[in-house]
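Note sheet for the following structure.
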There are 4 protein chains.
Amino acid sequence: MIVGFIGLGGMGQGVARRIMQGGHDLRVWNRSPGPAEALAAEGAEAVAGPAGALDADLCLSMLSQDEVIDQVLVASGALEKARPGLVHVNLSTVSVAFAERMEALHRERGLSYVSAPVLGRPDVAAAGQLNVLCAGAPEAVAKATPVLELFAKKVWPLGDRAARASVVKIACNFALASMIETLGEAGALVEGHDVPAADLYDVMTGTVFASPAYKIYSGLIADRAFEPAGFKLPLGLKDVRLALQAGETAATPLPIASLLRDAFIEAIAAGDSEKDWSALGAGAFRRAGRPLG
Amino acid sequence: MIVGFIGLGGMGQGVARRIMQGGHDLRVWNRSPGPAEALAAEGAEAVAGPAGALDADLCLSMLSQDEVIDQVLVASGALEKARPGLVHVNLSTVSVAFAERMEALHRERGLSYVSAPVLGRPDVAAAGQLNVLCAGAPEAVAKATPVLELFAKKVWPLGDRAARASVVKIACNFALASMIETLGEAGALVEGHDVPAADLYDVMTGTVFASPAYKIYSGLIADRAFEPAGFKLPLGLKDVRLALQAGETAATPLPIASLLRDAFIEAIAAGDSEKDWSALGAGAFRRAGRPLG
Amino acid sequence: MIVGFIGLGGMGQGVARRIMQGGHDLRVWNRSPGPAEALAAEGAEAVAGPAGALDADLCLSMLSQDEVIDQVLVASGALEKARPGLVHVNLSTVSVAFAERMEALHRERGLSYVSAPVLGRPDVAAAGQLNVLCAGAPEAVAKATPVLELFAKKVWPLGDRAARASVVKIACNFALASMIETLGEAGALVEGHDVPAADLYDVMTGTVFASPAYKIYSGLIADRAFEPAGFKLPLGLKDVRLALQAGETAATPLPIASLLRDAFIEAIAAGDSEKDWSALGAGAFRRAGRPLG
Amino acid sequence: MIVGFIGLGGMGQGVARRIMQGGHDLRVWNRSPGPAEALAAEGAEAVAGPAGALDADLCLSMLSQDEVIDQVLVASGALEKARPGLVHVNLSTVSVAFAERMEALHRERGLSYVSAPVLGRPDVAAAGQLNVLCAGAPEAVAKATPVLELFAKKVWPLGDRAARASVVKIACNFALASMIETLGEAGALVEGHDVPAADLYDVMTGTVFASPAYKIYSGLIADRAFEPAGFKLPLGLKDVRLALQAGETAATPLPIASLLRDAFIEAIAAGDSEKDWSALGAGAFRRAGRPLG
């Protein structure tokens with residue numbers, strides 16, 4: 001099958017490579033040419049623009065946010081030139097409103113739009129162990145699934161409206177940000193009483209919170225390992241903003257999300273924009289007058 | 001060994017029974033006589049007052065809060081009559097300040113105080129699978145450990161100052177309350193977009209949040225199973241208050257804990273005082289005008 | 001002077017009438033024709049579209065929000081047809097980003113844009129006692145000022161960048177919303193101790209808080225006089241959102257604004273969308289299980 | 001009339017002097033002797049202990065908080081020695097629970113307790129322009145009022161239960177703290193857009209917020225005039241804590257008060273304990289990475 005791929009950042013590269021290794025003809029495009037050339041050296045075809053990647057049976061995109069996707073695919077006119085019958089699988093975390101708009105735009109053009117945001121960081125993507133949240137028209141999802149399985153630990157079916165996968169992904173990322181801030185506050189609390197945060201985190205992740213996310217993020221905070229970023233802090237702010245917007249649309253107050261938004265902005269004001277979003281957890285220590293590192 | 005036990009609530013009964021089954025002579029006391037009589041029928045000795053339980057080699061207490069412990073053990077004069085050399089193991093979650101005061105009070109009387117708050121709910125206690133956070137003087141801890149292991153999945157050593165185990169326990173309970181509120185907000189968010197909260201919880205607990213606490217509490221929220229209470233909601237408020245107090249002592253702001261405090265009070269104002277603290281997660285649905293159940 | 005006027009809501013009507021009474025030839029337009037016809041009966045000229053009102057020496061607009069202004073003036077093409085040299089005075093509260101964009105759009109077309117958001121409610125507008133916050137190019141402001149003074153108690157000069165008046169207005173409305181929520185919480189607190197909120201408000205407005213805003217809004221809350229709305233609750237949410245956006249642009253966390261945003265959304269979820277934004281103050285009573293009215 | 005006075009801090013000295021100037025025989029006591037000696041030089045009698053001041057027809061106290069009052073008057077045994085029929089007027093801001101306890105303690109001893117917390121800073125006290133919130137048994141209030149009027153701009157009658165004046169005072173101080181934080185956030189917002197906070201404050205205090213509190217506190221923030229303290233920042237934290245406690249007793253969530261509590265603790269962690277509580281307003285600038293002064 002001819003598979004297009006748009007957006008070769010840290011996550012995208014790992015995913016694209018898995019698809020190529022799965023035996024598909026891959027047509028890749030990225031805004032800066034370096035990553036596409038690297039994949040071309042491994043056998044992919046580097047196309048000249050996004051329209052080239054949409055000239056495929058299936059095209060996956062992994063871009064940073066609504067505005068970028070809109071610019072690259074819609075405003076550029078690329079979507080108008082997509083191969084008839086194309087199934088476009090968007091792996092990015094986008095707003096609920098944008099997912100709905102994209103679904104409609106594709107339908108109007110006889111194309112299919114599948115929302116398939118992923119849970120996992122770049123190393124997990126490269127290992128083909130992402131969790132893929134997937135929603136869209138059943139036939140389109142059926143066509144996409146074998147490709148998704150090339151890089152997925154599991155594909156989670158979430159129904160036939162694309163926005164459903166988006167809102168679940170947004171809620172997961174909100175819960176992750178809440179966990180990071182909570183780990184930071186809890187760690188700052190015990191350190192204020194002369195117990196190393198790492199001791200608390202050992203208890204937590206050895207008992208009631210024995211989950212991958214708690215282990216990874218408490219480790220990053222305890223080790224002050226905020227660079228290099230697996231997921232940059234401003235992207236966390238973006239995702240919390242998506243949660244707040246989706247909440248407002250549904251008249252659902254989200255007080256923890258509001259608090260997280262301020263904490264992200266405070267971290268950015270403190271100069272943490274290039275750090276991993278786990279640096280959100282450093283805020284509690286800073287507010288207590290005991291900054292990390 | 002003669003072991004005293006004070007406080008036979010839902011948690012205490014399970015723990016006491018495990019100790020008795022471990023072959024120790026148990027002297028039990030409880031404010032209301034029923035539970036002590038039940039254990040007496042199984043072979044324990046029901047003593048007339050807390051002093052009777054402190055006339056032992058080792059005495060464990062599991063009472064609801066600082067004020068009750070103070071009243072039962074200190075103000076009553078019972079501690080004055082404790083057997084010389086007694087090791088008192090307090091399984092309750094108490095404030096950092098109270099742990100420090102109790103440690104000093106025991107030391108002055110030639111007694112030992114071990115702080116050993118537990119993680120787990122009544123069924124876990126009965127099954128002998130509690131996680132026990134343990135801090136105190138090394139010899140006292142050494143004497144207590146074999147008894148703790150009768151009901152513990154694991155004993156977590158946290159150093160030689162009793163308050164260390166207390167602050168770690170307080171931080172864990174704060175993190176649990178934060179998780180409950182976050183599950184509620186995330187669930188209300190997706191339900192506002194026509195995705196059942198249970199679908200989100202399946203994804204969360206099947207991926208990054210695959211831990212016992214997330215599984216148990218998301219299940220309770222999804223099933224609206226707030227009664228009977230395993231841990232009553234006002235006790236959750238108490239523990240968040242302990243976190244806030246400990247934070248204030250250490251000049252550590254805890255914005256999420258502050259938010260949780262208000263959410264607990266709001267739940268109490270809404271009539272949820274007899275429910276399990278997982279009912280905190282119902283608040284987000286109520287604030288969105290879509291109350292659960 | 002020929003003066004155009006676009007947007008004849010409750011506030012706009014009062015302002016427009018004052019300008020007409022000041023002796024100017026008024027060309028009015030409103031989306032729904034009723035208000036324009038009413039003013040026409042008093043001597044104004046009801047024009048067929050917004051372009052007709054922009055065919056003037058000076059044109060004032062008072063519309064609800066960025067999107068509406070964009071639609072009515074920019075997307076409609078009306079601004080392209082404006083009389084050369086026109087000074088457009090926008091009395092609406094708009095976002096900082098929109099003020100900057102409008103200023104640039106006008107400059108490109110040889111027009112002038114003055115930002116002149118007002119403080120006051122409809123009755124104050126009709127009485128010509130509004131406080132007008134004014135920023136823009138000095139010559140444009142000089143041309144506009146005599147007209148502004150027809151309905152202003154005072155014109156506050158805020159410099160030559162239009163966005164300056166917008167951000168000051170946004171900050172004022174944020175402070176008003178904070179005051180309303182604070183009055184609500186303080187009132188709910190004393191009523192919880194059997195003191196009528198009105199007794200507290202008497203003390204506050206008779207002492208340290210003896211200002212118009214405190215008197216008006218505490219009276220509305222004490223009297224549960226939330227209808228008819230002088231300023232609808234969702235417009236308050238809009239303005240707090242503008243504050244949050246402007247804060248984010250400047251990396252400035254605004255925790256009270258975040259809290260207010262949730263409180264507004266909660267009020268909307270509770271069915272208060274048609275009420276005055278003073279109904280925000282009812283939230284504290286509702287959260288305490290003692291709803292007003 | 002023989003009038004006792006206990007507690008000669010910045011506020012107390014001004015009040016005591018006004019009473020002495022009103023022609024009363026004043027018996028003063030203060031923990032550190034300096035202020036009492038100064039007043040003795042002006043004609044007061046410096047007594048040896050608090051019991052000496054309670055040996056009077058009327059005794060006023062102005063101490064910092066519940067614990068201090070309890071220690072000085074109750075635990076010391078001084079209250080036991082009070083002159084029969086004494087009316088004790090407490091000018092301090094105390095908790096609702098403490099006001100109720102003091103009222104009962106006095107009643108049991110045949111004494112009267114009047115709660116009369118004041119609004120105003122030391123200079124206002126010295127000028128005899130305080131606003132006095134007053135509650136207690138009618139005869140006791142009647143006896144106290146002529147003395148209160150010696151230093152009051154106005155005495156506000158709040159009923160016959162002492163706690164009523166306390167909760168109103170607590171609510172006022174909460175509203176003042178909310179105003180300070182709001183002024184800080186609003187000021188940081190406009191400064192983030194290149195408008196001096198002072199320009200915003202001029203507009204606010206010249207229009208809707210033209211009240212003494214807004215003028216004084218916005219001036220202190222704009223001028224960074226946080227020292228010397230008229231009311232130290234930790235006392236502001238104390239009063240917000242009183243609001244939160246009183247709210248919890250009445251099952252009333254106070255989200256703004258919770259936020260203020262964290263902001264106070266953050267200011268203390270940043271080293272502002274000796275500053276005026278207006279320094280709370282500096283927090284928003286610090287969180288935005290633009291600390292004041």
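In the structure tokens, chains take letters A, B, ... by order of appearance, with residues numbered from 1 within each chain and ligands from 1 in the order shown.
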Exercise for review: Could you list the residues in chain D lying within 7 Å of chain B, using only C-alpha atoms, and format the result as JSON, numbers by chain?
Suggested key: {"D": [248, 251, 252, 253, 254, 255, 258, 259, 262, 265, 266, 268, 269]}
Exercise for review: Quick one: pick out all helix (DSSP H, G or I) residues within stretch 42-213 of chain C from a backbone DSSP run and write them as a count of residues only.
Suggested key: 90
**Study point:** Spatial neighbours of stretch 24-31 of chain D, 9 Å, only C-alpha atoms, chain gap at least 5 places, as a ChimeraX atom specification
**Key:** /D:1-9,16,19,36,39-40,43-50,52-56,59,72,147
Review point. Could you pull out the strand (DSSP E or B) residues of stretch 53-219 of chain B from DSSP and send them as an NGL selection string?
Key: :B and (58-61 or 87-90 or 112-115 or 118-119 or 130-135 or 152-157)
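All residues of protein, DNA or RNA that reach within 6 Å of D:Met62, judged by only C-alpha atoms and not counting those fewer than 4 positions away in the chain, are Gly7, Gly12, Leu91 and Ser92 of chain D.
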Any chance you can output those residues with C-alpha atoms as a short mmCIF file (atom, residue, chain, number, x, y, z; two decimals), in the first residue's frame?
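selection-v1.cif, freshly written:
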data_model
loop_
_atom_site.label_atom_id
_atom_site.label_comp_id
_atom_site.auth_asym_id
_atom_site.auth_seq_id
_atom_site.Cartn_x
_atom_site.Cartn_y
_atom_site.Cartn_z
CA GLY D 7 -1.83 45.04 74.08
CA GLY D 12 -3.22 49.56 70.48
CA LEU D 91 -10.68 44.73 69.52
CA SER D 92 -8.66 41.90 67.98
#
